[in-house]
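Shown next: input.csv, containing CSV, C-alpha atoms.
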chain,number,residue,atom,x,y,z
A,26,MET,CA,39.2,20.0,-25.8
A,27,VAL,CA,36.6,22.5,-27.1
A,28,ILE,CA,33.0,21.5,-26.9
A,29,SER,CA,30.6,23.7,-28.8
A,30,ARG,CA,27.2,24.9,-27.7
A,31,ARG,CA,25.5,22.7,-30.3
A,32,SER,CA,27.4,19.6,-29.2
A,33,LEU,CA,26.7,20.3,-25.5
A,34,VAL,CA,23.0,20.8,-26.0
A,35,ALA,CA,22.8,17.7,-28.2
A,36,ALA,CA,24.6,15.7,-25.6
A,37,ALA,CA,22.0,16.8,-23.1
A,38,ALA,CA,19.4,14.8,-25.0
A,39,LEU,CA,21.4,11.7,-23.9
A,40,LEU,CA,20.6,12.3,-20.2
A,41,PRO,CA,18.0,9.5,-20.0
A,42,VAL,CA,20.7,7.1,-21.2
A,43,VAL,CA,23.9,8.4,-19.7
A,44,GLY,CA,22.8,10.7,-16.9
A,45,GLY,CA,21.0,8.2,-14.7
A,46,ALA,CA,18.1,9.0,-12.5
A,47,LEU,CA,16.8,12.6,-12.1
A,48,HIS,CA,14.6,13.6,-9.2
A,49,GLY,CA,14.7,10.0,-7.8
A,50,ALA,CA,13.2,8.4,-10.9
A,51,PRO,CA,14.9,5.1,-11.9
A,52,VAL,CA,17.0,4.9,-15.1
A,53,GLY,CA,14.7,4.4,-18.1
A,54,ALA,CA,11.6,5.4,-16.1
A,55,ALA,CA,8.7,6.8,-18.1
A,56,THR,CA,5.7,8.7,-16.7
A,57,PRO,CA,2.6,6.7,-17.5
A,58,PRO,CA,-0.4,8.9,-18.5
A,59,GLN,CA,-3.3,9.2,-16.0
A,60,PRO,CA,-5.9,6.6,-16.8
A,61,PRO,CA,-9.5,7.6,-17.0
A,62,ILE,CA,-10.8,8.2,-13.4
A,63,ARG,CA,-14.3,9.1,-12.4
A,64,PRO,CA,-14.1,12.0,-9.9
A,65,ARG,CA,-15.6,11.8,-6.5
A,66,SER,CA,-18.5,14.0,-7.5
A,67,ASP,CA,-19.8,11.3,-9.8
A,68,TRP,CA,-20.8,9.1,-6.9
A,69,ALA,CA,-20.8,11.3,-3.8
A,70,GLY,CA,-23.3,14.0,-4.7
A,71,SER,CA,-23.8,16.0,-1.6
A,72,LEU,CA,-21.8,13.6,0.6
A,73,SER,CA,-18.8,15.7,1.7
A,74,PRO,CA,-16.0,14.8,4.2
A,75,LYS,CA,-16.9,15.1,7.8
A,76,GLY,CA,-13.4,16.3,8.9
A,77,PRO,CA,-10.0,17.5,7.7
A,78,LEU,CA,-8.1,15.3,5.2
A,79,PRO,CA,-4.4,16.0,5.6
A,80,ASP,CA,-1.8,15.1,2.9
A,81,GLU,CA,0.6,12.3,3.1
A,82,GLU,CA,3.9,14.2,2.8
A,83,ASP,CA,6.1,11.1,2.3
A,84,VAL,CA,4.6,8.6,-0.1
A,85,ARG,CA,6.8,5.5,-0.1
A,86,PHE,CA,4.5,2.7,-1.4
A,87,LEU,CA,1.0,1.8,-2.7
A,88,LEU,CA,-1.3,-0.4,-0.7
A,89,VAL,CA,-4.0,-2.7,-2.2
A,90,HIS,CA,-7.3,-3.4,-0.4
A,91,HIS,CA,-10.7,-4.9,-1.2
A,92,THR,CA,-14.0,-3.7,0.1
A,93,LEU,CA,-15.3,-7.2,1.2
A,94,THR,CA,-18.7,-6.3,-0.3
A,95,PRO,CA,-20.7,-8.8,-2.4
A,96,ASN,CA,-19.5,-9.4,-5.9
A,97,GLY,CA,-21.7,-8.9,-9.0
A,98,ASP,CA,-22.6,-5.2,-8.8
A,99,ALA,CA,-23.9,-4.0,-12.1
A,100,ALA,CA,-22.1,-0.9,-13.5
A,101,GLU,CA,-25.0,1.4,-12.7
A,102,LYS,CA,-25.1,0.2,-9.1
A,103,ILE,CA,-21.5,1.2,-8.3
A,104,PRO,CA,-22.2,4.8,-7.2
A,105,GLU,CA,-24.7,3.5,-4.6
A,106,ARG,CA,-22.2,0.9,-3.5
A,107,LEU,CA,-19.6,3.7,-2.9
A,108,ARG,CA,-22.2,5.8,-1.1
A,109,SER,CA,-22.9,2.9,1.2
A,110,ILE,CA,-19.2,2.5,1.9
A,111,TYR,CA,-19.0,6.2,2.7
A,112,ARG,CA,-21.9,5.9,5.2
A,113,TYR,CA,-20.2,3.0,6.9
A,114,HIS,CA,-16.7,4.6,7.0
A,115,THR,CA,-18.0,7.8,8.5
A,116,SER,CA,-20.3,6.1,11.0
A,117,LYS,CA,-19.6,6.0,14.7
A,118,GLU,CA,-18.2,2.5,14.2
A,119,LYS,CA,-15.4,3.6,12.0
A,120,GLY,CA,-15.4,7.4,12.6
A,121,TRP,CA,-13.3,8.3,9.6
A,122,ALA,CA,-13.8,11.6,7.9
A,123,ASP,CA,-14.4,10.1,4.4
A,124,VAL,CA,-14.1,6.8,2.6
A,125,ALA,CA,-10.8,5.2,3.7
A,126,TYR,CA,-9.3,4.7,0.3
A,127,ASN,CA,-7.8,7.1,-2.3
A,128,PHE,CA,-9.2,5.2,-5.2
A,129,PHE,CA,-11.6,2.4,-6.0
A,130,VAL,CA,-11.5,0.0,-9.0
A,131,ASP,CA,-14.8,-1.7,-9.9
A,132,PRO,CA,-15.3,-5.1,-11.6
A,133,HIS,CA,-16.0,-3.4,-14.9
A,134,GLY,CA,-12.6,-1.8,-15.0
A,135,THR,CA,-13.7,1.7,-14.0
A,136,ILE,CA,-11.5,3.7,-11.6
A,137,TRP,CA,-13.1,6.0,-9.1
A,138,GLU,CA,-11.7,8.7,-7.0
A,139,GLY,CA,-12.4,7.8,-3.3
A,140,ARG,CA,-11.2,10.1,-0.6
A,141,GLU,CA,-11.7,13.7,-1.6
A,142,GLY,CA,-8.8,15.4,-3.3
A,143,SER,CA,-7.0,12.2,-4.3
A,144,LEU,CA,-7.0,13.1,-8.0
A,145,THR,CA,-4.7,16.0,-7.4
A,146,ARG,CA,-2.8,15.4,-4.2
A,147,PRO,CA,-1.6,12.6,-1.9
A,148,VAL,CA,-4.3,12.5,0.7
A,149,GLN,CA,-3.7,10.4,3.8
A,150,GLY,CA,-6.0,7.3,4.0
A,151,ASP,CA,-7.4,5.2,6.8
A,152,ALA,CA,-7.4,1.4,7.3
A,153,THR,CA,-8.9,-1.2,9.6
A,154,GLY,CA,-6.2,-2.2,12.1
A,155,GLY,CA,-4.4,1.1,11.8
A,156,SER,CA,-2.7,2.9,9.0
A,157,GLN,CA,1.0,2.8,8.7
A,158,GLY,CA,1.1,6.0,6.7
A,159,PHE,CA,3.6,6.5,3.9
A,160,ALA,CA,1.1,5.0,1.4
A,161,LEU,CA,-1.8,5.7,-1.0
A,162,LEU,CA,-4.6,3.2,-0.7
A,163,CYS,CA,-6.1,1.6,-3.8
A,164,CYS,CA,-9.1,-0.6,-3.3
A,165,PHE,CA,-10.9,-3.3,-5.4
A,166,ILE,CA,-14.7,-3.3,-5.0
A,167,GLY,CA,-15.8,-6.8,-4.1
A,168,ASP,CA,-14.8,-9.8,-2.0
A,169,PHE,CA,-11.7,-11.7,-3.3
A,170,THR,CA,-11.5,-14.3,-0.6
A,171,GLU,CA,-12.2,-17.1,-3.0
A,172,GLN,CA,-12.1,-15.6,-6.4
A,173,PRO,CA,-9.7,-13.1,-8.0
A,174,PRO,CA,-10.8,-9.8,-9.5
A,175,THR,CA,-12.0,-9.7,-13.1
A,176,GLU,CA,-9.4,-9.2,-15.9
A,177,ALA,CA,-10.9,-5.7,-16.5
A,178,ALA,CA,-10.4,-4.8,-12.8
A,179,MET,CA,-6.8,-6.1,-12.8
A,180,ALA,CA,-5.9,-4.1,-15.9
A,181,ALA,CA,-7.5,-1.0,-14.4
A,182,MET,CA,-5.7,-1.4,-11.1
A,183,THR,CA,-2.4,-1.9,-12.9
A,184,SER,CA,-2.8,1.3,-14.8
A,185,LEU,CA,-3.7,3.1,-11.6
A,186,LEU,CA,-0.7,1.8,-9.7
A,187,GLY,CA,1.7,2.6,-12.6
A,188,TRP,CA,0.3,6.2,-12.8
A,189,LEU,CA,0.6,6.8,-9.1
A,190,ALA,CA,4.1,5.4,-9.0
A,191,GLY,CA,5.1,7.8,-11.8
A,192,ARG,CA,3.4,10.7,-10.1
A,193,HIS,CA,5.2,10.1,-6.8
A,194,GLY,CA,8.6,9.0,-8.2
A,195,LEU,CA,8.4,5.4,-6.9
A,196,ASP,CA,10.9,2.9,-8.2
A,197,LEU,CA,8.8,-0.3,-8.3
A,198,GLY,CA,11.9,-2.3,-8.7
A,199,THR,CA,13.1,-1.5,-5.1
A,200,GLN,CA,11.8,-1.9,-1.6
A,201,THR,CA,11.3,0.8,1.0
A,202,THR,CA,12.0,0.9,4.7
A,203,PHE,CA,10.2,3.2,7.1
A,204,THR,CA,9.4,3.6,10.8
A,205,SER,CA,5.9,2.4,11.7
A,206,ARG,CA,3.3,4.8,12.9
A,207,GLY,CA,1.5,1.9,14.6
A,208,SER,CA,-0.9,-0.8,13.6
A,209,ASN,CA,-2.2,-4.1,15.1
A,210,LYS,CA,0.7,-5.8,13.2
A,211,TRP,CA,3.6,-3.4,13.5
A,212,ARG,CA,4.1,-1.5,16.8
A,213,THR,CA,4.8,2.2,16.7
A,214,GLY,CA,8.5,2.7,16.1
A,215,ALA,CA,9.1,-0.7,14.4
A,216,GLU,CA,11.2,-0.8,11.3
A,217,VAL,CA,9.1,-2.0,8.3
A,218,THR,CA,10.5,-3.0,4.9
A,219,THR,CA,8.0,-3.6,2.1
A,220,ASP,CA,7.6,-3.8,-1.7
A,221,ARG,CA,6.5,-0.6,-3.3
A,222,VAL,CA,3.2,-2.2,-4.1
A,223,ALA,CA,1.9,-4.1,-1.0
A,224,ALA,CA,-1.3,-5.7,0.3
A,225,HIS,CA,-3.3,-4.5,3.4
A,226,ARG,CA,-2.4,-7.7,5.3
A,227,ASP,CA,1.3,-6.8,5.0
A,228,MET,CA,0.6,-3.7,7.1
A,229,SER,CA,-2.2,-4.8,9.4
A,230,ALA,CA,-3.5,-8.0,11.0
A,231,THR,CA,-6.3,-8.6,8.5
A,232,ALA,CA,-7.3,-11.0,5.7
A,233,CYS,CA,-7.6,-8.1,3.3
A,234,PRO,CA,-7.4,-8.1,0.3
A,235,GLY,CA,-8.5,-11.8,0.3
A,236,ASP,CA,-6.7,-15.1,-0.2
A,237,ALA,CA,-7.4,-15.2,-4.0
A,238,LEU,CA,-6.1,-11.7,-4.6
A,239,TYR,CA,-3.2,-11.5,-2.1
A,240,PRO,CA,-0.6,-13.5,-4.1
A,241,LEU,CA,-1.5,-11.6,-7.3
A,242,VAL,CA,-0.3,-8.3,-5.7
A,243,ALA,CA,3.3,-9.5,-5.9
A,244,SER,CA,3.1,-11.8,-8.8
A,245,GLN,CA,1.0,-9.7,-11.2
A,246,LEU,CA,0.1,-6.2,-10.1
A,247,LEU,CA,3.6,-5.1,-9.0
A,248,PRO,CA,5.5,-6.4,-12.1
A,249,ASP,CA,2.8,-5.2,-14.5
A,250,ALA,CA,2.7,-1.8,-13.0
A,251,ARG,CA,6.5,-1.6,-13.0
A,252,ALA,CA,6.5,-2.4,-16.8
A,253,LEU,CA,4.4,0.7,-17.4
A,254,LEU,CA,7.3,2.8,-16.0
A,255,VAL,CA,9.6,1.6,-18.8
A,256,ASP,CA,8.4,2.8,-22.2
A,257,PRO,CA,8.7,-0.2,-24.5
A,258,THR,CA,8.0,1.8,-27.6
A,259,PRO,CA,9.8,5.2,-27.5
A,260,THR,CA,8.4,7.9,-29.6
A,261,PRO,CA,10.7,8.3,-32.7
A,262,THR,CA,12.6,11.6,-32.7
A,263,PRO,CA,11.6,13.7,-35.7
A,264,THR,CA,14.3,14.1,-38.3
A,265,PRO,CA,15.3,17.8,-38.4
A,266,ALA,CA,15.2,19.6,-41.8
A,267,PRO,CA,18.6,19.7,-43.4
A,268,THR,CA,20.6,22.9,-42.9
A,269,PRO,CA,22.5,24.2,-45.9
A,270,SER,CA,26.2,23.8,-45.7
A,271,PRO,CA,28.3,27.0,-45.5
A,272,ALA,CA,29.5,28.2,-48.9
A,273,GLU,CA,33.0,27.1,-50.0
A,274,GLY,CA,35.6,29.0,-48.1
A,275,GLU,CA,33.1,30.2,-45.4
A,276,PRO,CA,34.1,29.1,-41.9
A,277,SER,CA,31.7,26.9,-40.0
A,278,ALA,CA,29.8,28.6,-37.2
A,279,ASP,CA,30.6,25.6,-35.0
A,280,PRO,CA,34.1,25.8,-33.5
A,281,SER,CA,34.2,22.0,-33.1
A,282,GLY,CA,33.9,21.6,-36.9
A,283,ALA,CA,30.7,19.5,-36.6
A,284,GLU,CA,28.3,20.0,-39.5
A,285,ALA,CA,25.1,21.9,-38.8
A,286,GLY,CA,22.3,19.5,-37.8
A,287,ALA,CA,24.6,16.7,-36.9
A,288,GLY,CA,24.4,14.9,-33.6
A,289,PRO,CA,26.8,15.4,-30.6
A,290,SER,CA,30.5,14.9,-31.4
A,291,ASP,CA,32.4,11.9,-30.1
A,292,ALA,CA,34.1,14.2,-27.6
A,293,ALA,CA,30.8,15.6,-26.3
A,294,VAL,CA,29.3,12.1,-25.8
A,295,GLY,CA,32.4,10.9,-24.1
A,296,TRP,CA,32.5,13.9,-21.9
A,297,ALA,CA,28.8,13.5,-21.0
A,298,ARG,CA,29.4,9.8,-20.0
A,299,ALA,CA,32.4,10.7,-17.9
A,300,ALA,CA,31.1,13.8,-16.2
A,301,GLY,CA,27.6,12.6,-15.5
A,302,ALA,CA,24.3,14.4,-15.4
A,303,GLY,CA,25.4,17.0,-12.7
A,304,ALA,CA,28.3,18.4,-14.7
A,305,LEU,CA,26.3,18.4,-17.9
A,306,LEU,CA,23.5,20.3,-16.3
A,307,ALA,CA,26.0,22.8,-14.8
A,308,GLY,CA,27.5,23.3,-18.3
A,309,ILE,CA,24.1,24.0,-19.7
A,310,GLY,CA,23.4,26.4,-16.9
A,311,GLY,CA,26.5,28.3,-17.8
A,312,ILE,CA,25.3,28.6,-21.4
A,313,VAL,CA,21.9,29.8,-20.3
A,314,ALA,CA,23.6,32.4,-18.0
A,315,THR,CA,25.8,33.6,-21.0
A,316,MET,CA,22.8,33.9,-23.2
A,317,ARG,CA,20.9,35.9,-20.6
A,318,HIS,CA,23.9,38.2,-20.2
A,319,ARG,CA,23.8,38.8,-24.0
A,320,GLY,CA,20.1,39.7,-23.8
A,321,SER,CA,18.8,36.4,-25.2
A,322,ALA,CA,15.3,35.4,-24.0
A,323,ASP,CA,14.7,32.0,-22.4
A,324,PRO,CA,12.8,29.6,-24.5
A,325,PRO,CA,9.0,29.4,-23.8
Take the structure in the file and write it out as structure tokens.
Amino acid sequence: MVISRRSLVAAAALLPVVGGALHGAPVGAATPPQPPIRPRSDWAGSLSPKGPLPDEEDVRFLLVHHTLTPNGDAAEKIPERLRSIYRYHTSKEKGWADVAYNFFVDPHGTIWEGREGSLTRPVQGDATGGSQGFALLCCFIGDFTEQPPTEAAMAAMTSLLGWLAGRHGLDLGTQTTFTSRGSNKWRTGAEVTTDRVAAHRDMSATACPGDALYPLVASQLLPDARALLVDPTPTPTPTPAPTPSPAEGEPSADPSGAEAGAGPSDAAVGWARAAGAGALLAGIGGIVATMRHRGSADPP
């Protein structure tokens, strides 16, 4: 069976369908765009971290908190609320180097960068009762013991969780298991299994994120964030301009006999399905190597 370069490259476009997951992403996964996030500088001013903020090298899940502060903050009061949280978290009582959480979501639907650097890297967080690690911390501003967050806050948190899951290759349709680093709920060395979006009380002996919010983590935030990882309206593929057919009697440039501009041949599609993504990528690599040998430049 002869598979032409055109058919092979065209078949490569089928990888999201026939090739399965690449780099740990689930089949059909999309990468949600980053939602609007106010940087730390918008609330912190001259308040800088008081110690080093190492990265979390193995992000396995996302952890939902609440601040347990009074509800009803006006939008213009949120920066001062965050500064007050910073002062508490860096006080002698807590002793953390910065605010504990990577991101905050306020009642008006605004997302704020919390712990410095979280917009661009997976910074380790802190938590009352001990941090298990393996997580990024996302916190609602307010007290959700008796009432749930606003619809605007829930929508913003959903977009934040979906973006972070895409950024770190988390399949929200699966659970993860890890070895505890120690908390007042899970001893050091214990094996812990959790959903990819969990609540603080799942990791520590605490009431956080409140009785009204806790059930919504599994019933609403997790499935809604997961839905963002599957693109329900794929961008249509532009129709290429027609290529003139060779003149009568002129041989086709494609050894497979496929017309120029046509999709992959049945043979190429069947081969792609049977061989899988690994073999397909290896074949493309061979084509690239041949092109380089002939002096062809790589595409930009």
Neighbours of point (-9.2, 17.1, -8.1) within 12 Å, using all atoms listed in the file, written as a PyMOL selection string: chain A and resi 62-66+127+137-148
Which residues, written as a VMD selection string, have at least one atom at most 10 Å from Arg106 (chain A), with all atoms listed in the file counted and residues fewer than 4 positions away on the same chain left out? chain A and resid 68 94 to 95 98 101 to 102 110 to 111 166
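Here CA of His90 (chain A) and CA of Val255 (chain A) stand 25.5 Å from one another.
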Could you tell me which of A:Ala55, A:Arg108, A:Leu161, A:Gly150 comes closest to Ala252 (chain A) if we count all atoms listed in the file?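 Selected residue with least distance to Ala252 (chain A): A:Ala55.
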I'd like the contact shell of Ser208 (chain A) - 12 Å cut-off, all atoms listed in the file, skipping same-chain residues fewer than 2 positions apart - returned as an mmCIF file with C-alpha atoms, keeping the file's coordinate frame.
data_model
loop_
_atom_site.group_PDB
_atom_site.id
_atom_site.type_symbol
_atom_site.label_atom_id
_atom_site.label_comp_id
_atom_site.auth_asym_id
_atom_site.auth_seq_id
_atom_site.Cartn_x
_atom_site.Cartn_y
_atom_site.Cartn_z
ATOM 1 C CA ASP A 151 -7.400 5.200 6.800
ATOM 2 C CA ALA A 152 -7.400 1.400 7.300
ATOM 3 C CA THR A 153 -8.900 -1.200 9.600
ATOM 4 C CA GLY A 154 -6.200 -2.200 12.100
ATOM 5 C CA GLY A 155 -4.400 1.100 11.800
ATOM 6 C CA SER A 156 -2.700 2.900 9.000
ATOM 7 C CA GLN A 157 1.000 2.800 8.700
ATOM 8 C CA GLY A 158 1.100 6.000 6.700
ATOM 9 C CA THR A 204 9.400 3.600 10.800
ATOM 10 C CA SER A 205 5.900 2.400 11.700
ATOM 11 C CA ARG A 206 3.300 4.800 12.900
ATOM 12 C CA LYS A 210 0.700 -5.800 13.200
ATOM 13 C CA TRP A 211 3.600 -3.400 13.500
ATOM 14 C CA ARG A 212 4.100 -1.500 16.800
ATOM 15 C CA THR A 213 4.800 2.200 16.700
ATOM 16 C CA GLY A 214 8.500 2.700 16.100
ATOM 17 C CA ALA A 215 9.100 -0.700 14.400
ATOM 18 C CA VAL A 217 9.100 -2.000 8.300
ATOM 19 C CA HIS A 225 -3.300 -4.500 3.400
ATOM 20 C CA ARG A 226 -2.400 -7.700 5.300
ATOM 21 C CA ASP A 227 1.300 -6.800 5.000
ATOM 22 C CA MET A 228 0.600 -3.700 7.100
ATOM 23 C CA SER A 229 -2.200 -4.800 9.400
ATOM 24 C CA ALA A 230 -3.500 -8.000 11.000
ATOM 25 C CA THR A 231 -6.300 -8.600 8.500
#
